[in-house]
>>> print(open('input.pdb').read())   # PDB, C-alpha atoms
ATOM      1  CA  MET X 895      16.309  72.703 -97.318
ATOM      2  CA  LYS X 896      20.045  72.653 -96.862
ATOM      3  CA  LEU X 897      19.580  73.547 -93.190
ATOM      4  CA  THR X 898      17.141  70.699 -92.752
ATOM      5  CA  THR X 899      19.458  68.359 -94.522
ATOM      6  CA  ARG X 900      22.322  69.326 -92.184
ATOM      7  CA  PHE X 901      20.182  69.241 -89.005
ATOM      8  CA  ILE X 902      18.760  65.773 -89.533
ATOM      9  CA  PRO X 903      22.144  64.000 -89.478
ATOM     10  CA  LEU X 904      23.189  66.090 -86.466
ATOM     11  CA  ALA X 905      19.970  65.193 -84.620
ATOM     12  CA  LEU X 906      20.399  61.555 -85.472
ATOM     13  CA  THR X 907      23.950  61.669 -84.228
ATOM     14  CA  MET X 908      22.873  63.333 -80.966
ATOM     15  CA  PHE X 909      20.004  60.814 -80.481
ATOM     16  CA  VAL X 910      22.331  57.879 -80.973
ATOM     17  CA  ALA X 911      24.814  59.364 -78.481
ATOM     18  CA  LEU X 912      22.042  60.025 -75.938
ATOM     19  CA  ALA X 913      20.657  56.508 -76.326
ATOM     20  CA  SER X 914      24.089  55.050 -75.860
ATOM     21  CA  ALA X 915      24.605  57.121 -72.700
ATOM     22  CA  MET X 916      21.216  56.083 -71.262
ATOM     23  CA  ASP X 917      21.938  52.437 -71.976
ATOM     24  CA  SER X 918      25.276  52.711 -70.201
ATOM     25  CA  ASN X 919      23.660  54.365 -67.144
ATOM     26  CA  ALA X 920      20.996  51.657 -67.010
ATOM     27  CA  GLN X 921      23.617  48.898 -66.997
ATOM     28  CA  THR X 922      25.579  50.705 -64.250
ATOM     29  CA  GLN X 923      22.455  51.084 -62.101
ATOM     30  CA  THR X 924      21.581  47.417 -62.553
ATOM     31  CA  GLY X 925      25.081  46.394 -61.474
ATOM     32  CA  ASN X 926      24.868  48.557 -58.358
ATOM     33  CA  ASP X 927      21.479  47.087 -57.405
ATOM     34  CA  ASN X 928      22.796  43.564 -57.790
ATOM     35  CA  GLY X 929      25.794  44.419 -55.621
ATOM     36  CA  ARG X 930      23.567  45.836 -52.861
ATOM     37  CA  ARG X 931      21.301  42.792 -52.917
ATOM     38  CA  ALA X 932      24.292  40.464 -52.640
ATOM     39  CA  THR X 933      25.655  42.412 -49.681
ATOM     40  CA  THR X 934      22.278  42.350 -47.908
ATOM     41  CA  SER X 935      21.945  38.600 -48.439
ATOM     42  CA  GLU X 936      25.344  37.935 -46.905
ATOM     43  CA  ASN X 937      24.584  40.116 -43.854
ATOM     44  CA  LYS X 938      21.228  38.432 -43.081
ATOM     45  CA  PRO X 939      21.537  35.588 -40.472
ATOM     46  CA  GLY X 940      20.668  32.177 -41.776
ATOM     47  CA  ALA X 941      20.482  33.428 -45.332
ATOM     48  CA  GLU X 942      21.410  30.853 -47.914
ATOM     49  CA  ASP X 943      24.210  31.595 -50.335
ATOM     50  CA  SER X 944      23.441  30.160 -53.721
ATOM     51  CA  SER X 945      26.514  31.523 -55.418
ATOM     52  CA  PRO X 946      28.348  28.946 -57.483
ATOM     53  CA  SER X 947      31.547  29.539 -55.544
ATOM     54  CA  ARG X 948      29.941  28.519 -52.252
ATOM     55  CA  LEU X 949      27.993  25.604 -53.665
ATOM     56  CA  ALA X 950      31.188  24.271 -55.076
ATOM     57  CA  LYS X 951      32.797  24.085 -51.591
ATOM     58  CA  PRO X 952      30.963  21.514 -49.409
ATOM     59  CA  GLU X 953      33.756  21.657 -46.853
ATOM     60  CA  SER X 954      32.360  25.002 -45.682
ATOM     61  CA  VAL X 955      29.228  23.149 -44.546
ATOM     62  CA  SER X 956      30.904  20.056 -43.076
ATOM     63  CA  PRO X 957      32.459  21.848 -40.070
ATOM     64  CA  ALA X 958      29.003  22.805 -38.908
ATOM     65  CA  VAL X 959      27.857  19.237 -39.290
ATOM     66  CA  ASP X 960      30.915  17.943 -37.414
ATOM     67  CA  LYS X 961      30.387  20.521 -34.708
ATOM     68  CA  GLY X 962      26.829  19.373 -34.267
ATOM     69  CA  LYS X 963      27.971  15.798 -33.955
ATOM     70  CA  ALA X 964      30.750  16.651 -31.554
ATOM     71  CA  GLU X 965      28.553  18.581 -29.145
ATOM     72  CA  PRO X 966      26.213  15.677 -28.398
ATOM     73  CA  ALA X 967      29.305  13.586 -27.727
ATOM     74  CA  ARG X 968      30.550  16.166 -25.269
ATOM     75  CA  THR X 969      27.134  16.359 -23.680
ATOM     76  CA  ALA X 970      27.012  12.602 -23.289
ATOM     77  CA  LYS X 971      30.424  12.689 -21.724
ATOM     78  CA  THR X 972      29.386  15.398 -19.284
ATOM     79  CA  ASP X 973      26.088  13.748 -18.409
ATOM     80  CA  GLY X 974      27.641  10.305 -18.059
ATOM     81  CA  PRO X 975      28.769  10.486 -14.431
ATOM     82  CA  ALA X 976      25.309  11.579 -13.202
ATOM     83  CA  PRO X 977      23.723   8.118 -13.330
ATOM     84  CA  LYS X 978      26.854   6.747 -11.689
ATOM     85  CA  SER X 979      26.537   9.269  -8.847
ATOM     86  CA  GLU X 980      22.876   8.416  -8.362
ATOM     87  CA  SER X 981      23.768   4.742  -8.256
ATOM     88  CA  ALA X 982      26.483   5.412  -5.707
ATOM     89  CA  ALA X 983      24.083   7.478  -3.591
ATOM     90  CA  SER X 984      21.525   4.720  -3.750
ATOM     91  CA  SER X 985      24.159   2.188  -2.773
ATOM     92  CA  ASN X 986      25.276   4.325   0.163
ATOM     93  CA  SER X 987      21.721   4.856   1.366
ATOM     94  CA  SER X 988      21.152   1.121   1.425
ATOM     95  CA  GLN X 989      24.204   0.399   3.547
ATOM     96  CA  PRO X 990      23.574  -0.724   7.160
ATOM     97  CA  ALA X 991      23.777   1.571  10.174
ATOM     98  CA  PRO X 992      27.226   2.451  11.548
ATOM     99  CA  ALA X 993      28.954  -0.355  13.321
ATOM    100  CA  SER X 994      28.947   1.600  16.592
ATOM    101  CA  SER X 995      25.262   0.830  17.171
ATOM    102  CA  THR X 996      25.863  -2.945  17.403
ATOM    103  CA  ASP X 997      29.580  -3.757  17.350
ATOM    104  CA  GLU X 998      30.709  -1.457  20.139
ATOM    105  CA  TRP X 999      30.442  -2.102  23.855
ATOM    106  CA  HIS X1000      27.827  -0.123  25.776
ATOM    107  CA  PHE X1001      28.073   0.299  29.546
ATOM    108  CA  ARG X1002      25.442   1.055  32.175
ATOM    109  CA  PHE X1003      25.952   1.633  35.904
ATOM    110  CA  SER X1004      23.040   1.446  38.344
ATOM    111  CA  PRO X1005      23.689   2.277  42.004
ATOM    112  CA  TYR X1006      20.717   1.510  44.253
ATOM    113  CA  PHE X1007      19.555   1.496  47.836
ATOM    114  CA  TRP X1008      17.740  -1.533  49.245
ATOM    115  CA  ILE X1009      15.609  -1.013  52.365
ATOM    116  CA  ALA X1010      15.581  -4.633  53.461
ATOM    117  CA  GLY X1011      13.776  -6.640  56.069
ATOM    118  CA  LEU X1012      14.655 -10.136  57.311
ATOM    119  CA  ASN X1013      12.531 -13.250  57.650
ATOM    120  CA  GLY X1014      13.839 -16.702  58.513
ATOM    121  CA  ARG X1015      16.282 -18.505  60.787
ATOM    122  CA  ALA X1016      19.913 -17.985  61.655
ATOM    123  CA  GLY X1017      22.158 -20.027  63.909
ATOM    124  CA  ILE X1018      25.686 -20.829  64.970
ATOM    125  CA  GLY X1019      26.273 -24.231  66.554
ATOM    126  CA  ASN X1020      23.404 -24.934  68.940
ATOM    127  CA  LEU X1021      22.364 -21.281  69.146
ATOM    128  CA  GLU X1022      19.511 -20.356  66.847
ATOM    129  CA  VAL X1023      17.128 -17.408  66.459
ATOM    130  CA  LYS X1024      14.061 -16.755  64.399
ATOM    131  CA  VAL X1025      14.028 -13.449  62.595
ATOM    132  CA  ASP X1026      10.775 -11.862  61.449
ATOM    133  CA  SER X1027      11.403  -8.189  60.946
ATOM    134  CA  GLY X1028       9.553  -6.345  58.250
ATOM    135  CA  LEU X1029      10.007  -2.964  56.704
ATOM    136  CA  THR X1030       7.990  -1.094  59.325
ATOM    137  CA  ASP X1031       9.748  -2.635  62.325
ATOM    138  CA  PRO X1032      11.973  -0.059  64.051
ATOM    139  CA  ASN X1033      14.317  -2.738  65.386
ATOM    140  CA  VAL X1034      15.730  -3.474  61.921
ATOM    141  CA  HIS X1035      18.536  -1.138  60.963
ATOM    142  CA  LEU X1036      21.053  -0.806  58.172
ATOM    143  CA  ASN X1037      24.366   0.378  59.524
ATOM    144  CA  PHE X1038      26.093   0.570  56.167
ATOM    145  CA  GLY X1039      25.424  -0.564  52.640
ATOM    146  CA  PHE X1040      26.767  -0.280  49.132
ATOM    147  CA  MET X1041      24.867  -1.716  46.207
ATOM    148  CA  GLY X1042      25.244  -1.374  42.461
ATOM    149  CA  THR X1043      24.986  -3.115  39.119
ATOM    150  CA  LEU X1044      27.392  -2.753  36.195
ATOM    151  CA  GLU X1045      26.287  -3.969  32.790
ATOM    152  CA  ALA X1046      28.263  -4.226  29.557
ATOM    153  CA  ARG X1047      26.486  -5.105  26.334
ATOM    154  CA  ARG X1048      27.650  -5.664  22.795
ATOM    155  CA  ASP X1049      24.897  -6.434  20.312
ATOM    156  CA  LYS X1050      23.177  -9.466  21.912
ATOM    157  CA  LEU X1051      25.969 -10.372  24.334
ATOM    158  CA  ILE X1052      25.555  -9.196  27.942
ATOM    159  CA  VAL X1053      27.993  -9.176  30.852
ATOM    160  CA  LEU X1054      26.334  -8.260  34.131
ATOM    161  CA  THR X1055      27.725  -7.885  37.651
ATOM    162  CA  ASP X1056      25.669  -7.121  40.745
ATOM    163  CA  LEU X1057      27.424  -6.219  43.972
ATOM    164  CA  GLN X1058      25.970  -5.550  47.393
ATOM    165  CA  TYR X1059      27.470  -5.108  50.791
ATOM    166  CA  SER X1060      25.315  -4.429  53.813
ATOM    167  CA  ASN X1061      25.464  -4.461  57.577
ATOM    168  CA  LEU X1062      22.011  -5.466  58.804
ATOM    169  CA  GLY X1063      20.907  -5.861  62.366
ATOM    170  CA  THR X1064      17.804  -6.655  64.375
ATOM    171  CA  GLU X1065      17.394  -6.187  68.106
ATOM    172  CA  ARG X1066      14.363  -8.325  68.800
ATOM    173  CA  PRO X1067      14.692 -11.756  67.263
ATOM    174  CA  ASN X1068      12.892 -14.604  68.953
ATOM    175  CA  PRO X1069      15.451 -16.552  71.066
ATOM    176  CA  GLY X1070      12.983 -19.168  72.314
ATOM    177  CA  ILE X1071      12.194 -19.957  75.940
ATOM    178  CA  LEU X1072      15.778 -20.297  77.165
ATOM    179  CA  PHE X1073      16.784 -16.646  76.810
ATOM    180  CA  SER X1074      15.011 -13.409  77.550
ATOM    181  CA  SER X1075      16.030 -11.556  74.401
ATOM    182  CA  ALA X1076      18.516 -11.661  71.600
ATOM    183  CA  GLU X1077      20.275  -9.509  69.075
ATOM    184  CA  ALA X1078      21.424 -10.597  65.618
ATOM    185  CA  LYS X1079      23.761  -8.811  63.225
ATOM    186  CA  PHE X1080      24.556  -9.844  59.663
ATOM    187  CA  LYS X1081      27.246  -8.518  57.401
ATOM    188  CA  THR X1082      26.502  -9.744  53.913
ATOM    189  CA  PHE X1083      28.648  -9.501  50.814
ATOM    190  CA  VAL X1084      27.066 -10.822  47.624
ATOM    191  CA  LEU X1085      28.844 -10.775  44.257
ATOM    192  CA  ASP X1086      26.796 -11.947  41.293
ATOM    193  CA  PRO X1087      28.690 -12.002  37.940
ATOM    194  CA  GLU X1088      26.615 -13.269  35.018
ATOM    195  CA  VAL X1089      26.721 -13.505  31.257
ATOM    196  CA  GLY X1090      23.661 -13.461  29.060
ATOM    197  CA  TYR X1091      22.224 -13.419  25.598
ATOM    198  CA  ARG X1092      19.361 -11.297  24.257
ATOM    199  CA  VAL X1093      16.899 -13.797  22.812
ATOM    200  CA  ALA X1094      14.157 -11.342  21.813
ATOM    201  CA  GLU X1095      14.020  -7.626  21.130
ATOM    202  CA  ASN X1096      11.636  -5.073  19.652
ATOM    203  CA  GLN X1097      13.353  -1.698  19.607
ATOM    204  CA  GLU X1098      10.277   0.183  18.360
ATOM    205  CA  LYS X1099       8.238  -0.908  21.396
ATOM    206  CA  GLY X1100      11.185  -1.002  23.791
ATOM    207  CA  ARG X1101      10.863  -4.697  24.587
ATOM    208  CA  ALA X1102      13.693  -7.098  25.317
ATOM    209  CA  VAL X1103      14.187 -10.522  26.920
ATOM    210  CA  ASP X1104      17.566 -11.799  28.132
ATOM    211  CA  ILE X1105      18.667 -15.223  29.329
ATOM    212  CA  LEU X1106      21.317 -15.024  32.065
ATOM    213  CA  GLY X1107      23.581 -17.453  33.861
ATOM    214  CA  GLY X1108      26.420 -17.117  36.326
ATOM    215  CA  VAL X1109      27.638 -17.560  39.883
ATOM    216  CA  ARG X1110      26.412 -15.897  43.056
ATOM    217  CA  TYR X1111      29.062 -15.724  45.718
ATOM    218  CA  TRP X1112      28.066 -15.135  49.313
ATOM    219  CA  HIS X1113      30.171 -14.147  52.260
ATOM    220  CA  LEU X1114      28.232 -13.844  55.482
ATOM    221  CA  ARG X1115      29.318 -12.903  58.975
ATOM    222  CA  THR X1116      26.785 -13.588  61.728
ATOM    223  CA  GLU X1117      26.929 -12.293  65.273
ATOM    224  CA  LEU X1118      24.384 -13.535  67.854
ATOM    225  CA  ASN X1119      23.951 -12.167  71.361
ATOM    226  CA  PHE X1120      21.546 -13.788  73.817
ATOM    227  CA  ALA X1121      20.443 -12.118  77.047
ATOM    228  CA  ALA X1122      20.215 -14.237  80.179
ATOM    229  CA  GLY X1123      17.006 -16.092  80.814
ATOM    230  CA  VAL X1124      16.721 -19.691  81.909
ATOM    231  CA  LEU X1125      20.290 -19.974  80.692
ATOM    232  CA  SER X1126      23.041 -17.485  81.170
ATOM    233  CA  ALA X1127      23.944 -14.954  78.500
ATOM    234  CA  ARG X1128      25.611 -16.372  75.455
ATOM    235  CA  SER X1129      27.137 -14.988  72.299
ATOM    236  CA  ALA X1130      28.630 -16.420  69.129
ATOM    237  CA  THR X1131      30.245 -15.130  65.959
ATOM    238  CA  ALA X1132      31.043 -17.012  62.756
ATOM    239  CA  SER X1133      31.641 -16.401  59.042
ATOM    240  CA  ARG X1134      31.025 -18.523  55.982
ATOM    241  CA  GLY X1135      31.488 -18.141  52.261
ATOM    242  CA  TRP X1136      30.019 -20.195  49.411
ATOM    243  CA  ALA X1137      29.067 -20.006  45.748
ATOM    244  CA  ASP X1138      25.879 -20.981  43.944
ATOM    245  CA  ALA X1139      25.340 -21.439  40.228
ATOM    246  CA  VAL X1140      22.277 -19.496  39.058
ATOM    247  CA  VAL X1141      20.278 -19.165  35.847
ATOM    248  CA  GLY X1142      17.551 -16.659  35.166
ATOM    249  CA  VAL X1143      15.661 -14.394  32.835
ATOM    250  CA  ARG X1144      15.363 -10.629  32.599
ATOM    251  CA  GLY X1145      12.903  -8.485  30.689
ATOM    252  CA  ARG X1146      12.014  -4.878  29.923
ATOM    253  CA  MET X1147       9.038  -3.191  28.290
ATOM    254  CA  ASN X1148       8.219   0.443  27.573
ATOM    255  CA  LEU X1149       4.816   1.677  28.733
ATOM    256  CA  THR X1150       5.270   5.193  27.344
ATOM    257  CA  PRO X1151       8.250   6.891  25.673
ATOM    258  CA  LYS X1152       9.593   7.700  29.174
ATOM    259  CA  LEU X1153       7.990   5.150  31.509
ATOM    260  CA  PHE X1154       9.041   1.486  31.483
ATOM    261  CA  ILE X1155       8.952  -1.657  33.606
ATOM    262  CA  LEU X1156      11.661  -4.238  34.120
ATOM    263  CA  GLY X1157      12.036  -7.452  36.036
ATOM    264  CA  LYS X1158      14.420 -10.267  36.776
ATOM    265  CA  GLY X1159      14.233 -13.706  38.341
ATOM    266  CA  ASP X1160      16.806 -16.427  38.885
ATOM    267  CA  VAL X1161      17.282 -19.640  40.817
ATOM    268  CA  GLY X1162      20.243 -21.825  41.660
ATOM    269  CA  GLY X1163      22.181 -23.706  44.259
ATOM    270  CA  GLY X1164      25.407 -25.494  44.985
ATOM    271  CA  GLY X1165      26.920 -24.269  48.182
ATOM    272  CA  ALA X1166      23.412 -23.541  49.440
ATOM    273  CA  LYS X1167      20.438 -25.864  49.219
ATOM    274  CA  ILE X1168      18.546 -23.233  47.233
ATOM    275  CA  ASP X1169      19.224 -19.670  46.216
ATOM    276  CA  TYR X1170      16.769 -17.489  44.294
ATOM    277  CA  GLN X1171      15.671 -13.904  43.832
ATOM    278  CA  LEU X1172      12.797 -11.922  42.285
ATOM    279  CA  PHE X1173      12.979  -8.272  41.292
ATOM    280  CA  GLY X1174      10.533  -5.874  39.650
ATOM    281  CA  ALA X1175      10.651  -2.116  39.153
ATOM    282  CA  PHE X1176       9.260   0.876  37.323
ATOM    283  CA  GLY X1177      11.645   3.196  35.556
ATOM    284  CA  PHE X1178      11.353   6.781  34.387
ATOM    285  CA  GLN X1179      13.699   8.134  31.735
ATOM    286  CA  ILE X1180      14.651  11.643  32.836
ATOM    287  CA  SER X1181      17.205  12.109  30.051
ATOM    288  CA  GLU X1182      18.706  10.179  27.173
ATOM    289  CA  LYS X1183      21.213   8.430  29.465
ATOM    290  CA  VAL X1184      19.730   8.632  32.960
ATOM    291  CA  ALA X1185      16.672   6.896  34.427
ATOM    292  CA  LEU X1186      15.152   6.658  37.897
ATOM    293  CA  LEU X1187      14.200   3.233  39.272
ATOM    294  CA  GLY X1188      11.834   2.155  42.018
ATOM    295  CA  GLY X1189      10.610  -1.345  42.826
ATOM    296  CA  TYR X1190      10.787  -4.362  45.114
ATOM    297  CA  ARG X1191      13.374  -7.095  45.539
ATOM    298  CA  GLY X1192      13.365 -10.361  47.409
ATOM    299  CA  MET X1193      16.306 -12.758  47.805
ATOM    300  CA  HIS X1194      16.185 -16.088  49.582
ATOM    301  CA  VAL X1195      19.042 -18.415  50.488
ATOM    302  CA  ASN X1196      19.100 -21.595  52.546
ATOM    303  CA  TYR X1197      22.603 -22.468  53.711
ATOM    304  CA  HIS X1198      23.041 -25.001  56.494
ATOM    305  CA  LYS X1199      26.505 -26.533  56.750
ATOM    306  CA  ASP X1200      29.323 -26.846  59.263
ATOM    307  CA  ASN X1201      27.232 -25.709  62.233
ATOM    308  CA  PHE X1202      26.226 -22.540  60.409
ATOM    309  CA  LEU X1203      22.622 -21.767  59.490
ATOM    310  CA  PHE X1204      21.273 -18.963  57.317
ATOM    311  CA  ASP X1205      17.825 -19.822  55.985
ATOM    312  CA  THR X1206      16.552 -16.309  55.409
ATOM    313  CA  THR X1207      14.722 -14.077  52.969
ATOM    314  CA  ILE X1208      15.993 -10.533  52.529
ATOM    315  CA  HIS X1209      13.306  -8.361  50.966
ATOM    316  CA  GLY X1210      12.132  -4.789  50.663
ATOM    317  CA  PRO X1211      11.729  -1.770  48.389
ATOM    318  CA  ILE X1212      14.596  -0.697  46.191
ATOM    319  CA  PHE X1213      15.393   2.730  44.743
ATOM    320  CA  GLY X1214      18.135   3.535  42.315
ATOM    321  CA  LEU X1215      19.543   5.403  39.399
ATOM    322  CA  SER X1216      20.488   3.932  36.032
ATOM    323  CA  TRP X1217      23.190   5.750  34.106
ATOM    324  CA  GLN X1218      24.323   4.799  30.620
ATOM    325  CA  ILE X1219      28.021   5.600  30.545
ATOM    326  CA  LYS X1220      28.540   4.870  26.837
TER     327      LYS X1220
END
>>> encode(input="input.pdb", output="structure tokens")
Amino acid sequence: MKLTTRFIPLALTMFVALASAMDSNAQTQTGNDNGRRATTSENKPGAEDSSPSRLAKPESVSPAVDKGKAEPARTAKTDGPAPKSESAASSNSSQPAPASSTDEWHFRFSPYFWIAGLNGRAGIGNLEVKVDSGLTDPNVHLNFGFMGTLEARRDKLIVLTDLQYSNLGTERPNPGILFSSAEAKFKTFVLDPEVGYRVAENQEKGRAVDILGGVRYWHLRTELNFAAGVLSARSATASRGWADAVVGVRGRMNLTPKLFILGKGDVGGGGAKIDYQLFGAFGFQISEKVALLGGYRGMHVNYHKDNFLFDTTIHGPIFGLSWQIK
């Protein structure tokens, strides 16, 4: 009985001590679990912190808000010049072609060879012959000749100069009934400076029409030799120079990208009673700057003054080369 009485208090004491120890271990374990959960929550990205200390500090959130506001501002600043660049590009693309295509001078040189025949009358004083020598007549000969055209153009303005020098001769002109035969020689120098204006143009189809006006200056030296017939042999030599005002029109049209036609006609007078020419040719573009030309040209002048007569048409095929210098 005494042993039971002593054991009961001891057991109660041990039970109370064990319960107290278990309660202390349970509180410690709970504290450790809470600490681990708090650490895991802080390490997770995007996890919300609901601790009173963080909720009490709104300034920790405001930098993120300010950063979000600042970045769009920086983006707007970076993207801002793009529309301006597009506008500038659009403005540049709408600007006209470089000034060199219209405001600069362009030059073209066209040397040519004219195989000419003579038809008409020529005379010095009271000596006169009729000349009717075509292309196929062997008695017509060209001793020497230089012919060429130089053209300068700026936009619609045209400055054109045609120059020809030739030494033509025929051995069988008709001297009439007073002489048995005759020989006629003509040295001709013709300078034809003109200015013009392009009144119509279609660059896509290669069409253009120019109005031209200028002066044609002639210098002619005639030598006539008559063989004896009813009258004795006679000869005469004389030179004359004169100028005629001329106006005309010139045109060009492409038939294909390489083949084209061109023509020119003018008429005038002043020193001569009448002075006119007609010219037509085909052209073939062999390169960007060089073209071949082939056609026909006829020029008529009627000058009869101071005992000097030259009422003649010079005509025949013409062949040349057109070279764009610039």
>>> resolve_selection(input="input.pdb", expression="the PyMOL selection byres ((chain X and resi 1134-1138) around 6)", output="ChimeraX atom specification")
/X:1109-1114,1133,1139,1163-1165
>>> resolve_selection(input="input.pdb", expression="the PyMOL selection byres ((chain X and resi 1148-1157) around 8)", output="NGL selection string")
:X and (1099-1101 or 1144-1147 or 1158-1159 or 1172-1180)
>>> atom_distance(input="input.pdb", atom1="CA of Leu1062 in chain X", atom2="CA of Asn1119 in chain X")
14.4 Å
>>> atom_distance(input="input.pdb", atom1="CA of Thr1082 in chain X", atom2="CA of Asp1104 in chain X")
27.4 Å
>>> resolve_selection(input="input.pdb", expression="the PyMOL selection byres ((chain X and resi 1040) around 12)", output="PyMOL selection string")
chain X and resi 1004-1009+1036-1039+1041-1043+1056-1062+1081-1085+1214
>>> residues_around(input="input.pdb", residues="range 1120-1132 of chain X", least_positions_apart="6", cutoff="8 Å", atoms="all atoms listed in the file", output="list in words")
Ile1018, Leu1021, Pro1069, Ile1071, Leu1072, Phe1073, Ser1074, Ser1075, Ala1076, Glu1077 and Phe1202 of chain X
>>> atom_distance(input="input.pdb", atom1="CA of Asp1169 in chain X", atom2="CA of Met1193 in chain X")
7.7 Å
>>> closest_residue(input="input.pdb", among="X:Ser1027, X:Gln1218, X:Thr1055, X:Thr1207", to="Pro1087 in chain X", atoms="only C-alpha atoms")
X:Thr1055
>>> residues_around(input="input.pdb", residues="Ala1046 in chain X", least_positions_apart="2", cutoff="9 Å", atoms="all atoms listed in the file", output="list of chain:residue names")
X:Trp999, X:His1000, X:Phe1001, X:Arg1002, X:Phe1003, X:Leu1044, X:Arg1048, X:Leu1051, X:Ile1052, X:Val1053, X:Leu1054, X:Thr1055
>>> closest_residue(input="input.pdb", among="X:Lys1167, X:Arg1047, X:Arg1092, X:Lys1183", to="Trp1217 in chain X", atoms="only C-alpha atoms")
X:Lys1183
>>> closest_residue(input="input.pdb", among="X:Val1184, X:Ala1102, X:Val1140, X:Val1161", to="Glu1088 in chain X", atoms="all atoms listed in the file")
X:Val1140
>>> closest_residue(input="input.pdb", among="X:Ile1212, X:Leu1203, X:Ala1010, X:Leu1106", to="Tyr1190 in chain X", atoms="all atoms listed in the file")
X:Ile1212
>>> residues_around(input="input.pdb", residues="His1209 in chain X", least_positions_apart="6", cutoff="6 Å", atoms="only C-alpha atoms", output="list in words")
Ala1010, Gly1011, Arg1191 and Gly1192 of chain X
>>> axis_aligned_box(input="input.pdb", around="range 1098-1101 of chain X", padding_each_side="4 Å", output="AutoDock Vina command-line options")
--center_x 9.7 --center_y -2.3 --center_z 21.5 --size_x 10.9 --size_y 12.9 --size_z 14.2
